[in-house]
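Everything below belongs to work-v3.pdb, which stores PDB, C-alpha atoms.
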```pdb
ATOM      1  CA  MET A   1      84.488  71.882  98.695  1.00  0.00           C
ATOM      2  CA  ILE A   2      82.832  71.835 102.121  1.00  0.00           C
ATOM      3  CA  SER A   3      80.975  74.572 103.967  1.00  0.00           C
ATOM      4  CA  SER A   4      82.259  76.577 106.921  1.00  0.00           C
ATOM      5  CA  ARG A   5      79.765  74.726 109.123  1.00  0.00           C
ATOM      6  CA  ALA A   6      81.205  71.415 107.991  1.00  0.00           C
ATOM      7  CA  GLU A   7      84.645  72.723 108.929  1.00  0.00           C
ATOM      8  CA  ASP A   8      83.305  73.375 112.433  1.00  0.00           C
ATOM      9  CA  TYR A   9      82.372  69.696 112.667  1.00  0.00           C
ATOM     10  CA  LEU A  10      85.845  68.632 111.538  1.00  0.00           C
ATOM     11  CA  GLU A  11      87.502  70.936 114.065  1.00  0.00           C
ATOM     12  CA  GLU A  12      85.328  69.619 116.888  1.00  0.00           C
ATOM     13  CA  MET A  13      86.019  66.024 115.884  1.00  0.00           C
ATOM     14  CA  LEU A  14      89.768  66.647 115.938  1.00  0.00           C
ATOM     15  CA  MET A  15      89.542  68.205 119.401  1.00  0.00           C
ATOM     16  CA  LEU A  16      87.612  65.170 120.665  1.00  0.00           C
ATOM     17  CA  GLU A  17      90.048  62.787 119.031  1.00  0.00           C
ATOM     18  CA  CYS A  18      92.978  64.548 120.699  1.00  0.00           C
ATOM     19  CA  THR A  19      91.393  64.035 124.128  1.00  0.00           C
ATOM     20  CA  GLY A  20      91.025  60.306 123.504  1.00  0.00           C
ATOM     21  CA  LYS A  21      87.222  60.344 123.394  1.00  0.00           C
ATOM     22  CA  ASP A  22      85.059  58.308 121.062  1.00  0.00           C
ATOM     23  CA  ILE A  23      83.406  60.586 118.530  1.00  0.00           C
ATOM     24  CA  THR A  24      79.666  59.939 118.362  1.00  0.00           C
ATOM     25  CA  VAL A  25      76.696  61.674 116.802  1.00  0.00           C
ATOM     26  CA  THR A  26      75.245  62.258 120.264  1.00  0.00           C
ATOM     27  CA  LEU A  27      78.436  63.848 121.594  1.00  0.00           C
ATOM     28  CA  LEU A  28      78.825  66.123 118.571  1.00  0.00           C
ATOM     29  CA  ALA A  29      75.198  67.229 118.878  1.00  0.00           C
ATOM     30  CA  GLU A  30      75.760  68.125 122.535  1.00  0.00           C
ATOM     31  CA  ARG A  31      79.040  69.942 121.895  1.00  0.00           C
ATOM     32  CA  LEU A  32      77.784  71.931 118.913  1.00  0.00           C
ATOM     33  CA  LYS A  33      74.290  72.456 120.329  1.00  0.00           C
ATOM     34  CA  VAL A  34      72.445  71.024 117.324  1.00  0.00           C
ATOM     35  CA  THR A  35      70.086  68.100 116.785  1.00  0.00           C
ATOM     36  CA  LYS A  36      71.283  64.578 116.058  1.00  0.00           C
ATOM     37  CA  GLY A  37      69.568  64.779 112.689  1.00  0.00           C
ATOM     38  CA  THR A  38      71.634  67.842 111.805  1.00  0.00           C
ATOM     39  CA  VAL A  39      74.818  65.998 112.759  1.00  0.00           C
ATOM     40  CA  VAL A  40      73.869  62.935 110.711  1.00  0.00           C
ATOM     41  CA  SER A  41      73.250  65.112 107.651  1.00  0.00           C
ATOM     42  CA  ALA A  42      76.609  66.849 108.070  1.00  0.00           C
ATOM     43  CA  MET A  43      78.410  63.527 108.579  1.00  0.00           C
ATOM     44  CA  ARG A  44      76.992  62.165 105.326  1.00  0.00           C
ATOM     45  CA  LYS A  45      78.368  65.157 103.433  1.00  0.00           C
ATOM     46  CA  LEU A  46      81.779  64.804 105.078  1.00  0.00           C
ATOM     47  CA  ALA A  47      81.817  61.096 104.352  1.00  0.00           C
ATOM     48  CA  SER A  48      81.031  61.752 100.689  1.00  0.00           C
ATOM     49  CA  ALA A  49      83.954  64.194 100.682  1.00  0.00           C
ATOM     50  CA  GLN A  50      86.134  61.375 102.061  1.00  0.00           C
ATOM     51  CA  MET A  51      86.906  63.248 105.257  1.00  0.00           C
ATOM     52  CA  LEU A  52      85.448  60.694 107.660  1.00  0.00           C
ATOM     53  CA  TYR A  53      84.094  57.188 107.759  1.00  0.00           C
ATOM     54  CA  HIS A  54      81.312  55.809 109.900  1.00  0.00           C
ATOM     55  CA  GLU A  55      79.980  52.318 110.341  1.00  0.00           C
ATOM     56  CA  ARG A  56      76.367  51.968 111.422  1.00  0.00           C
ATOM     57  CA  TYR A  57      75.958  52.144 115.219  1.00  0.00           C
ATOM     58  CA  SER A  58      79.692  52.809 115.711  1.00  0.00           C
ATOM     59  CA  SER A  59      81.875  55.817 116.419  1.00  0.00           C
ATOM     60  CA  LEU A  60      82.921  58.388 113.803  1.00  0.00           C
ATOM     61  CA  PHE A  61      86.508  58.445 112.551  1.00  0.00           C
ATOM     62  CA  LEU A  62      88.423  61.125 110.670  1.00  0.00           C
ATOM     63  CA  THR A  63      90.304  60.119 107.559  1.00  0.00           C
ATOM     64  CA  ASP A  64      93.800  61.481 106.944  1.00  0.00           C
ATOM     65  CA  LEU A  65      92.264  64.019 104.560  1.00  0.00           C
ATOM     66  CA  GLY A  66      89.693  65.086 107.141  1.00  0.00           C
ATOM     67  CA  ARG A  67      92.309  65.239 109.877  1.00  0.00           C
ATOM     68  CA  ARG A  68      94.590  67.480 107.819  1.00  0.00           C
ATOM     69  CA  ARG A  69      91.698  69.797 106.976  1.00  0.00           C
ATOM     70  CA  ALA A  70      90.621  69.886 110.619  1.00  0.00           C
ATOM     71  CA  LEU A  71      94.158  70.716 111.713  1.00  0.00           C
ATOM     72  CA  ASP A  72      94.294  73.669 109.295  1.00  0.00           C
ATOM     73  CA  ILE A  73      91.038  75.041 110.726  1.00  0.00           C
ATOM     74  CA  GLN A  74      92.136  74.474 114.314  1.00  0.00           C
ATOM     75  CA  ARG A  75      95.417  76.303 113.733  1.00  0.00           C
ATOM     76  CA  ARG A  76      93.595  79.212 112.132  1.00  0.00           C
ATOM     77  CA  HIS A  77      91.241  79.341 115.086  1.00  0.00           C
ATOM     78  CA  GLU A  78      94.158  79.511 117.516  1.00  0.00           C
ATOM     79  CA  SER A  79      95.964  82.145 115.434  1.00  0.00           C
ATOM     80  CA  CYS A  80      92.873  84.360 115.218  1.00  0.00           C
ATOM     81  CA  THR A  81      92.048  83.926 118.913  1.00  0.00           C
ATOM     82  CA  SER A  82      95.611  84.861 119.888  1.00  0.00           C
ATOM     83  CA  PHE A  83      95.544  87.900 117.603  1.00  0.00           C
ATOM     84  CA  PHE A  84      92.252  89.223 118.997  1.00  0.00           C
ATOM     85  CA  HIS A  85      93.171  88.452 122.612  1.00  0.00           C
ATOM     86  CA  GLU A  86      96.901  89.149 122.902  1.00  0.00           C
ATOM     87  CA  PHE A  87      97.350  91.766 120.187  1.00  0.00           C
ATOM     88  CA  LEU A  88      94.035  93.651 120.301  1.00  0.00           C
ATOM     89  CA  GLY A  89      93.221  93.062 123.973  1.00  0.00           C
ATOM     90  CA  VAL A  90      89.800  91.458 123.433  1.00  0.00           C
ATOM     91  CA  ASP A  91      88.670  89.208 126.307  1.00  0.00           C
ATOM     92  CA  ILE A  92      89.397  85.544 125.631  1.00  0.00           C
ATOM     93  CA  GLU A  93      85.793  84.324 125.298  1.00  0.00           C
ATOM     94  CA  ARG A  94      84.831  87.030 122.820  1.00  0.00           C
ATOM     95  CA  ALA A  95      88.119  86.521 120.972  1.00  0.00           C
ATOM     96  CA  ALA A  96      87.307  82.828 120.546  1.00  0.00           C
ATOM     97  CA  ARG A  97      83.810  83.610 119.241  1.00  0.00           C
ATOM     98  CA  MET A  98      85.186  86.092 116.738  1.00  0.00           C
ATOM     99  CA  ALA A  99      87.831  83.581 115.670  1.00  0.00           C
ATOM    100  CA  CYS A 100      85.069  81.086 114.856  1.00  0.00           C
ATOM    101  CA  GLU A 101      83.711  83.547 112.307  1.00  0.00           C
ATOM    102  CA  VAL A 102      87.038  84.574 110.787  1.00  0.00           C
ATOM    103  CA  GLU A 103      88.850  81.233 110.638  1.00  0.00           C
ATOM    104  CA  HIS A 104      86.880  80.120 107.580  1.00  0.00           C
ATOM    105  CA  CYS A 105      87.759  83.229 105.564  1.00  0.00           C
ATOM    106  CA  ILE A 106      91.559  83.240 105.683  1.00  0.00           C
ATOM    107  CA  ASP A 107      93.983  81.141 103.671  1.00  0.00           C
ATOM    108  CA  LYS A 108      97.195  79.448 104.727  1.00  0.00           C
ATOM    109  CA  THR A 109      99.401  82.422 103.827  1.00  0.00           C
ATOM    110  CA  VAL A 110      97.362  84.801 105.986  1.00  0.00           C
ATOM    111  CA  GLU A 111      97.304  82.248 108.795  1.00  0.00           C
ATOM    112  CA  GLU A 112     101.102  81.888 108.750  1.00  0.00           C
ATOM    113  CA  ARG A 113     101.685  85.642 108.693  1.00  0.00           C
ATOM    114  CA  LEU A 114      99.131  86.220 111.435  1.00  0.00           C
ATOM    115  CA  CYS A 115     100.792  83.594 113.593  1.00  0.00           C
ATOM    116  CA  ALA A 116     104.214  85.152 112.972  1.00  0.00           C
ATOM    117  CA  LEU A 117     102.876  88.608 113.874  1.00  0.00           C
ATOM    118  CA  VAL A 118     101.377  87.389 117.142  1.00  0.00           C
ATOM    119  CA  ASP A 119     104.569  85.519 118.003  1.00  0.00           C
ATOM    120  CA  PHE A 120     106.683  88.615 117.254  1.00  0.00           C
ATOM    121  CA  PHE A 121     104.408  90.793 119.387  1.00  0.00           C
ATOM    122  CA  ARG A 122     104.391  88.246 122.231  1.00  0.00           C
ATOM    123  CA  ASN A 123     108.182  88.063 122.305  1.00  0.00           C
ATOM    124  CA  ALA A 124     108.548  91.849 122.194  1.00  0.00           C
ATOM    125  CA  LYS A 125     106.080  92.172 125.069  1.00  0.00           C
ATOM    126  CA  GLN A 126     108.010  89.638 127.156  1.00  0.00           C
ATOM    127  CA  GLU A 127     111.245  91.531 126.444  1.00  0.00           C
ATOM    128  CA  GLY A 128     109.649  94.794 127.557  1.00  0.00           C
ATOM    129  CA  GLN A 129     110.143  96.563 124.226  1.00  0.00           C
ATOM    130  CA  PRO A 130     108.958 100.204 124.664  1.00  0.00           C
ATOM    131  CA  TRP A 131     107.099 100.299 121.333  1.00  0.00           C
ATOM    132  CA  VAL A 132     104.692  97.638 122.600  1.00  0.00           C
ATOM    133  CA  LYS A 133     103.320  99.993 125.252  1.00  0.00           C
ATOM    134  CA  GLU A 134     103.050 102.814 122.711  1.00  0.00           C
ATOM    135  CA  LEU A 135     101.221 100.566 120.242  1.00  0.00           C
ATOM    136  CA  THR A 136      98.844  99.255 122.896  1.00  0.00           C
ATOM    137  CA  SER A 137      98.058 102.811 123.988  1.00  0.00           C
ATOM    138  CA  ALA A 138      97.465 103.930 120.384  1.00  0.00           C
ATOM    139  CA  MET A 139      95.113 101.016 119.717  1.00  0.00           C
ATOM    140  CA  GLY A 140      93.040 102.031 122.727  1.00  0.00           C
ATOM    141  CA  ASP A 141      92.657 105.633 121.567  1.00  0.00           C
ATOM    142  CA  SER A 142      89.946 106.108 118.918  1.00  0.00           C
ATOM    143  CA  ASN A 143      91.233 109.641 118.277  1.00  0.00           C
ATOM    144  CA  THR A 144      94.205 108.132 116.447  1.00  0.00           C
ATOM    145  CA  LEU A 145      91.882 106.820 113.736  1.00  0.00           C
ATOM    146  CA  PRO A 146      91.731 109.045 110.635  1.00  0.00           C
ATOM    147  CA  VAL A 147      88.406 110.724 109.830  1.00  0.00           C
ATOM    148  CA  PRO A 148      87.320 112.853 106.842  1.00  0.00           C
ATOM    149  CA  PHE A 149      88.053 116.562 107.269  1.00  0.00           C
ATOM    150  CA  PHE A 150      84.325 117.303 107.143  1.00  0.00           C
ATOM    151  CA  LEU A 151      83.930 115.650 110.557  1.00  0.00           C
ATOM    152  CA  LEU A 152      85.939 118.441 112.143  1.00  0.00           C
ATOM    153  CA  ARG A 153      83.845 121.177 113.717  1.00  0.00           C
ATOM    154  CA  GLU A 154      84.604 124.860 113.391  1.00  0.00           C
ATOM    155  CA  GLY A 155      87.744 125.639 115.379  1.00  0.00           C
ATOM    156  CA  GLU A 156      88.899 122.021 115.695  1.00  0.00           C
ATOM    157  CA  THR A 157      92.362 120.962 114.583  1.00  0.00           C
ATOM    158  CA  GLY A 158      93.727 117.719 113.258  1.00  0.00           C
ATOM    159  CA  SER A 159      96.925 116.422 111.691  1.00  0.00           C
ATOM    160  CA  ILE A 160      96.773 115.295 108.075  1.00  0.00           C
ATOM    161  CA  ALA A 161      96.712 111.492 107.846  1.00  0.00           C
ATOM    162  CA  LYS A 162      96.062 110.825 104.159  1.00  0.00           C
ATOM    163  CA  ILE A 163      94.617 112.205 100.922  1.00  0.00           C
ATOM    164  CA  THR A 164      92.236 110.005  98.939  1.00  0.00           C
ATOM    165  CA  ALA A 165      91.964 112.232  95.859  1.00  0.00           C
ATOM    166  CA  ALA A 166      92.946 111.220  92.330  1.00  0.00           C
ATOM    167  CA  SER A 167      96.562 111.901  91.418  1.00  0.00           C
ATOM    168  CA  ALA A 168      96.055 115.381  89.914  1.00  0.00           C
ATOM    169  CA  VAL A 169      94.142 116.771  92.903  1.00  0.00           C
ATOM    170  CA  ARG A 170      96.431 114.960  95.316  1.00  0.00           C
ATOM    171  CA  LYS A 171      99.486 116.549  93.701  1.00  0.00           C
ATOM    172  CA  LYS A 172      97.864 119.984  93.867  1.00  0.00           C
ATOM    173  CA  LEU A 173      97.051 119.616  97.549  1.00  0.00           C
ATOM    174  CA  ILE A 174     100.536 118.404  98.447  1.00  0.00           C
ATOM    175  CA  GLU A 175     102.103 121.306  96.560  1.00  0.00           C
ATOM    176  CA  SER A 176      99.827 123.624  98.558  1.00  0.00           C
ATOM    177  CA  GLY A 177     101.258 122.296 101.814  1.00  0.00           C
ATOM    178  CA  PHE A 178      98.926 119.402 102.624  1.00  0.00           C
ATOM    179  CA  SER A 179     101.753 117.124 103.721  1.00  0.00           C
ATOM    180  CA  PRO A 180     101.487 114.145 106.097  1.00  0.00           C
ATOM    181  CA  ASN A 181     101.142 115.115 109.782  1.00  0.00           C
ATOM    182  CA  ALA A 182     100.777 118.825 108.986  1.00  0.00           C
ATOM    183  CA  PRO A 183      98.313 120.571 111.357  1.00  0.00           C
ATOM    184  CA  LEU A 184      95.032 121.513 109.697  1.00  0.00           C
ATOM    185  CA  GLN A 185      92.306 123.606 111.327  1.00  0.00           C
ATOM    186  CA  CYS A 186      88.673 123.906 110.320  1.00  0.00           C
ATOM    187  CA  LEU A 187      87.862 127.639 110.230  1.00  0.00           C
ATOM    188  CA  GLU A 188      84.237 127.350 109.103  1.00  0.00           C
ATOM    189  CA  GLU A 189      81.530 124.718 108.917  1.00  0.00           C
ATOM    190  CA  PRO A 190      82.181 122.507 105.865  1.00  0.00           C
ATOM    191  CA  HIS A 191      78.648 122.769 104.470  1.00  0.00           C
ATOM    192  CA  ARG A 192      79.015 126.458 103.603  1.00  0.00           C
ATOM    193  CA  GLY A 193      79.967 127.544 100.067  1.00  0.00           C
ATOM    194  CA  ALA A 194      81.979 126.082  97.212  1.00  0.00           C
ATOM    195  CA  THR A 195      85.248 126.684  99.069  1.00  0.00           C
ATOM    196  CA  ILE A 196      86.154 125.997 102.691  1.00  0.00           C
ATOM    197  CA  ALA A 197      88.440 128.185 104.795  1.00  0.00           C
ATOM    198  CA  VAL A 198      91.122 126.197 106.601  1.00  0.00           C
ATOM    199  CA  GLY A 199      94.166 126.987 108.679  1.00  0.00           C
ATOM    200  CA  LEU A 200      97.275 125.283 107.296  1.00  0.00           C
ATOM    201  CA  LYS A 201     100.747 125.850 108.750  1.00  0.00           C
ATOM    202  CA  GLY A 202      99.781 129.252 110.120  1.00  0.00           C
ATOM    203  CA  ARG A 203      98.051 130.371 106.905  1.00  0.00           C
ATOM    204  CA  ARG A 204      94.383 130.880 106.178  1.00  0.00           C
ATOM    205  CA  ILE A 205      93.535 129.483 102.763  1.00  0.00           C
ATOM    206  CA  ALA A 206      90.374 128.718 100.805  1.00  0.00           C
ATOM    207  CA  VAL A 207      90.203 125.185  99.443  1.00  0.00           C
ATOM    208  CA  PRO A 208      87.618 123.876  96.951  1.00  0.00           C
ATOM    209  CA  ARG A 209      85.003 121.856  98.767  1.00  0.00           C
ATOM    210  CA  ASN A 210      85.552 118.754  96.610  1.00  0.00           C
ATOM    211  CA  ASP A 211      89.306 118.883  97.239  1.00  0.00           C
ATOM    212  CA  ILE A 212      89.160 119.233 101.023  1.00  0.00           C
ATOM    213  CA  ALA A 213      86.657 116.359 101.119  1.00  0.00           C
ATOM    214  CA  THR A 214      89.539 114.025 100.147  1.00  0.00           C
ATOM    215  CA  VAL A 215      91.673 115.005 103.126  1.00  0.00           C
ATOM    216  CA  TRP A 216      91.615 112.756 106.201  1.00  0.00           C
ATOM    217  CA  VAL A 217      92.867 113.910 109.581  1.00  0.00           C
ATOM    218  CA  ARG A 218      93.583 112.631 113.073  1.00  0.00           C
ATOM    219  CA  LYS A 219      91.790 114.822 115.578  1.00  0.00           C
ATOM    220  CA  GLN A 220      93.872 116.682 118.148  1.00  0.00           C
TER     221      GLN A 220
END
```
Any chance you could give the structure as structure tokens?
Amino acid sequence: MISSRAEDYLEEMLMLECTGKDITVTLLAERLKVTKGTVVSAMRKLASAQMLYHERYSSLFLTDLGRRRALDIQRRHESCTSFFHEFLGVDIERAARMACEVEHCIDKTVEERLCALVDFFRNAKQEGQPWVKELTSAMGDSNTLPVPFFLLREGETGSIAKITAASAVRKKLIESGFSPNAPLQCLEEPHRGATIAVGLKGRRIAVPRNDIATVWVRKQ
């Protein structure tokens, strides 16, 4: 088991190898902005894990094991960068920085599904699929994110997004008309009383405070 920082070294070594450059302690220190001593310490750990070999005063070389591990990390980095940049619209430099943090936390299954999602989205965008524009617009609108009902002010309206109550309360609310996408209006400030007056499908009803607290809405 190696650390996420050690994985960064492996990834950087693979990138250097693929450009035909000799991998040296000095070059790694410059690329990763660390001291030579830090690199030497990391290389010893990777060597003990049989992921590289290094002869004194010579270049560093990845083993097959180290190269395979580095390739996994590099692919995850590319998948995460593409997801943040192409799917979420984050600028490429920030997307790459975020990918550096996330790439160590996902497994191969997540990586493969993430890559497939990005590829599907990319193809749909190139084909001009109308849902791509709708999705992009929705992702840029924070009002589409559900919030607890208590964040509505008096007079504000939202559509019901979800109910987080236990099954018994959830069933009671649904039977009372709290169905998905139904319009729900806050008729009084939530901090008043044991029950809260709300407008639901044209009706004014009083709902127990603890029950309405489990209702999430999208503001309108």
Taking (89.9, 112.6, 101.7) as a centre in this file's frame and 12 Å as the limit, can you find every polymer residue with an atom that close, using only C-alpha atoms, and give them as a ChimeraX atom specification? /A:146-151,160-166,169-170,173,178,209-218
Close residues, stretch 53-66 of chain A itself excluded, 7 Å, all atoms listed in the file, min 6 positions apart in chain, as an MDAnalysis selection string: chainID A and resid 10 22:24 47
Could those residues be written to a file, using C-alpha atoms, as a compact mmCIF listing (two decimals), keeping the file's coordinate frame?
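What ended up in result.txt:
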```
# COMPACT_ATOMS: atom_id res chain seq x y z
CA LEU A 10 85.84 68.63 111.54
CA ASP A 22 85.06 58.31 121.06
CA ILE A 23 83.41 60.59 118.53
CA THR A 24 79.67 59.94 118.36
CA ALA A 47 81.82 61.10 104.35
```
At a cut-off of 8 Å, using only C-alpha atoms, what residues contact A:Lys219? Leave out same-chain residues fewer than 6 positions from it and give the result as an NGL selection string. :A and (143-144 or 146-147 or 152 or 156-159)
When the PyMOL selection byres ((chain A and resi 101-105) around 6) is applied to the file above, which residues end up in the set, as a ChimeraX atom specification? /A:4,76-77,98-100,106
So the first atom is atom CA of A:Met15 and the second is atom CA of A:Ala70; what is the distance between them in Å, to one decimal place?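 Distance between the two atoms: 9.0 Å.
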Target residues per the PyMOL selection byres ((chain A and resi 155) around 7), formatted as number ranges by chain: A: 153-154, 156-157, 185-187
Distance of atom CA of A:Arg113 from atom CA of A:Leu32, expressed in Å to one decimal place: 29.4 Å
Rebuild N, CA, C and O atoms on stretch 97-121 of chain A, as a PDB file, in the coordinates of the input?
```pdb
ATOM      1  N   ARG A  97      85.026  83.549 120.065  1.00  0.00           N
ATOM      2  CA  ARG A  97      83.810  83.610 119.241  1.00  0.00           C
ATOM      3  C   ARG A  97      84.089  84.300 117.915  1.00  0.00           C
ATOM      4  O   ARG A  97      83.619  83.856 116.859  1.00  0.00           O
ATOM      5  N   MET A  98      84.845  85.382 117.966  1.00  0.00           N
ATOM      6  CA  MET A  98      85.186  86.092 116.738  1.00  0.00           C
ATOM      7  C   MET A  98      86.054  85.228 115.826  1.00  0.00           C
ATOM      8  O   MET A  98      85.903  85.225 114.600  1.00  0.00           O
ATOM      9  N   ALA A  99      86.960  84.463 116.443  1.00  0.00           N
ATOM     10  CA  ALA A  99      87.831  83.581 115.670  1.00  0.00           C
ATOM     11  C   ALA A  99      87.021  82.545 114.911  1.00  0.00           C
ATOM     12  O   ALA A  99      87.364  82.172 113.783  1.00  0.00           O
ATOM     13  N   CYS A 100      85.931  82.075 115.519  1.00  0.00           N
ATOM     14  CA  CYS A 100      85.069  81.086 114.856  1.00  0.00           C
ATOM     15  C   CYS A 100      84.488  81.634 113.559  1.00  0.00           C
ATOM     16  O   CYS A 100      84.240  80.879 112.613  1.00  0.00           O
ATOM     17  N   GLU A 101      84.262  82.935 113.511  1.00  0.00           N
ATOM     18  CA  GLU A 101      83.711  83.547 112.307  1.00  0.00           C
ATOM     19  C   GLU A 101      84.793  83.785 111.255  1.00  0.00           C
ATOM     20  O   GLU A 101      84.567  83.603 110.062  1.00  0.00           O
ATOM     21  N   VAL A 102      85.979  84.160 111.708  1.00  0.00           N
ATOM     22  CA  VAL A 102      87.038  84.574 110.787  1.00  0.00           C
ATOM     23  C   VAL A 102      87.831  83.398 110.235  1.00  0.00           C
ATOM     24  O   VAL A 102      88.313  83.450 109.096  1.00  0.00           O
ATOM     25  N   GLU A 103      87.951  82.327 111.006  1.00  0.00           N
ATOM     26  CA  GLU A 103      88.850  81.233 110.638  1.00  0.00           C
ATOM     27  C   GLU A 103      88.528  80.600 109.290  1.00  0.00           C
ATOM     28  O   GLU A 103      89.403  80.029 108.642  1.00  0.00           O
ATOM     29  N   HIS A 104      87.278  80.735 108.854  1.00  0.00           N
ATOM     30  CA  HIS A 104      86.880  80.120 107.580  1.00  0.00           C
ATOM     31  C   HIS A 104      87.198  81.015 106.376  1.00  0.00           C
ATOM     32  O   HIS A 104      87.072  80.574 105.232  1.00  0.00           O
ATOM     33  N   CYS A 105      87.593  82.255 106.645  1.00  0.00           N
ATOM     34  CA  CYS A 105      87.759  83.229 105.564  1.00  0.00           C
ATOM     35  C   CYS A 105      89.216  83.452 105.171  1.00  0.00           C
ATOM     36  O   CYS A 105      89.481  84.097 104.158  1.00  0.00           O
ATOM     37  N   ILE A 106      90.155  82.963 105.973  1.00  0.00           N
ATOM     38  CA  ILE A 106      91.559  83.240 105.683  1.00  0.00           C
ATOM     39  C   ILE A 106      92.228  82.012 105.070  1.00  0.00           C
ATOM     40  O   ILE A 106      91.812  80.881 105.307  1.00  0.00           O
ATOM     41  N   ASP A 107      93.261  82.249 104.284  1.00  0.00           N
ATOM     42  CA  ASP A 107      93.983  81.141 103.671  1.00  0.00           C
ATOM     43  C   ASP A 107      95.260  80.847 104.457  1.00  0.00           C
ATOM     44  O   ASP A 107      95.553  81.481 105.471  1.00  0.00           O
ATOM     45  N   LYS A 108      96.013  79.895 103.995  1.00  0.00           N
ATOM     46  CA  LYS A 108      97.195  79.448 104.727  1.00  0.00           C
ATOM     47  C   LYS A 108      98.248  80.544 104.843  1.00  0.00           C
ATOM     48  O   LYS A 108      98.901  80.686 105.875  1.00  0.00           O
ATOM     49  N   THR A 109      98.408  81.344 103.790  1.00  0.00           N
ATOM     50  CA  THR A 109      99.401  82.422 103.827  1.00  0.00           C
ATOM     51  C   THR A 109      99.063  83.439 104.911  1.00  0.00           C
ATOM     52  O   THR A 109      99.930  83.854 105.693  1.00  0.00           O
ATOM     53  N   VAL A 110      97.793  83.843 104.956  1.00  0.00           N
ATOM     54  CA  VAL A 110      97.362  84.801 105.986  1.00  0.00           C
ATOM     55  C   VAL A 110      97.531  84.196 107.374  1.00  0.00           C
ATOM     56  O   VAL A 110      97.978  84.867 108.310  1.00  0.00           O
ATOM     57  N   GLU A 111      97.170  82.932 107.502  1.00  0.00           N
ATOM     58  CA  GLU A 111      97.304  82.248 108.795  1.00  0.00           C
ATOM     59  C   GLU A 111      98.760  82.271 109.274  1.00  0.00           C
ATOM     60  O   GLU A 111      99.039  82.599 110.431  1.00  0.00           O
ATOM     61  N   GLU A 112      99.686  81.941 108.376  1.00  0.00           N
ATOM     62  CA  GLU A 112     101.102  81.888 108.750  1.00  0.00           C
ATOM     63  C   GLU A 112     101.625  83.265 109.134  1.00  0.00           C
ATOM     64  O   GLU A 112     102.373  83.415 110.104  1.00  0.00           O
ATOM     65  N   ARG A 113     101.213  84.286 108.384  1.00  0.00           N
ATOM     66  CA  ARG A 113     101.685  85.642 108.693  1.00  0.00           C
ATOM     67  C   ARG A 113     101.064  86.165 109.980  1.00  0.00           C
ATOM     68  O   ARG A 113     101.713  86.883 110.752  1.00  0.00           O
ATOM     69  N   LEU A 114      99.806  85.815 110.206  1.00  0.00           N
ATOM     70  CA  LEU A 114      99.131  86.220 111.435  1.00  0.00           C
ATOM     71  C   LEU A 114      99.801  85.577 112.645  1.00  0.00           C
ATOM     72  O   LEU A 114     100.037  86.238 113.667  1.00  0.00           O
ATOM     73  N   CYS A 115     100.121  84.319 112.521  1.00  0.00           N
ATOM     74  CA  CYS A 115     100.792  83.594 113.593  1.00  0.00           C
ATOM     75  C   CYS A 115     102.163  84.207 113.872  1.00  0.00           C
ATOM     76  O   CYS A 115     102.551  84.385 115.030  1.00  0.00           O
ATOM     77  N   ALA A 116     102.895  84.544 112.811  1.00  0.00           N
ATOM     78  CA  ALA A 116     104.214  85.152 112.972  1.00  0.00           C
ATOM     79  C   ALA A 116     104.113  86.515 113.637  1.00  0.00           C
ATOM     80  O   ALA A 116     104.947  86.877 114.486  1.00  0.00           O
ATOM     81  N   LEU A 117     103.082  87.290 113.276  1.00  0.00           N
ATOM     82  CA  LEU A 117     102.876  88.608 113.874  1.00  0.00           C
ATOM     83  C   LEU A 117     102.598  88.496 115.368  1.00  0.00           C
ATOM     84  O   LEU A 117     103.181  89.229 116.183  1.00  0.00           O
ATOM     85  N   VAL A 118     101.708  87.576 115.729  1.00  0.00           N
ATOM     86  CA  VAL A 118     101.377  87.389 117.142  1.00  0.00           C
ATOM     87  C   VAL A 118     102.602  86.939 117.917  1.00  0.00           C
ATOM     88  O   VAL A 118     102.867  87.414 119.033  1.00  0.00           O
ATOM     89  N   ASP A 119     103.369  86.023 117.336  1.00  0.00           N
ATOM     90  CA  ASP A 119     104.569  85.519 118.003  1.00  0.00           C
ATOM     91  C   ASP A 119     105.593  86.634 118.191  1.00  0.00           C
ATOM     92  O   ASP A 119     106.217  86.758 119.250  1.00  0.00           O
ATOM     93  N   PHE A 120     105.758  87.483 117.170  1.00  0.00           N
ATOM     94  CA  PHE A 120     106.683  88.615 117.254  1.00  0.00           C
ATOM     95  C   PHE A 120     106.246  89.584 118.347  1.00  0.00           C
ATOM     96  O   PHE A 120     107.055  90.055 119.153  1.00  0.00           O
ATOM     97  N   PHE A 121     104.948  89.875 118.387  1.00  0.00           N
ATOM     98  CA  PHE A 121     104.408  90.793 119.387  1.00  0.00           C
ATOM     99  C   PHE A 121     104.567  90.212 120.789  1.00  0.00           C
ATOM    100  O   PHE A 121     104.942  90.917 121.732  1.00  0.00           O
TER     101      PHE A 121
END
```
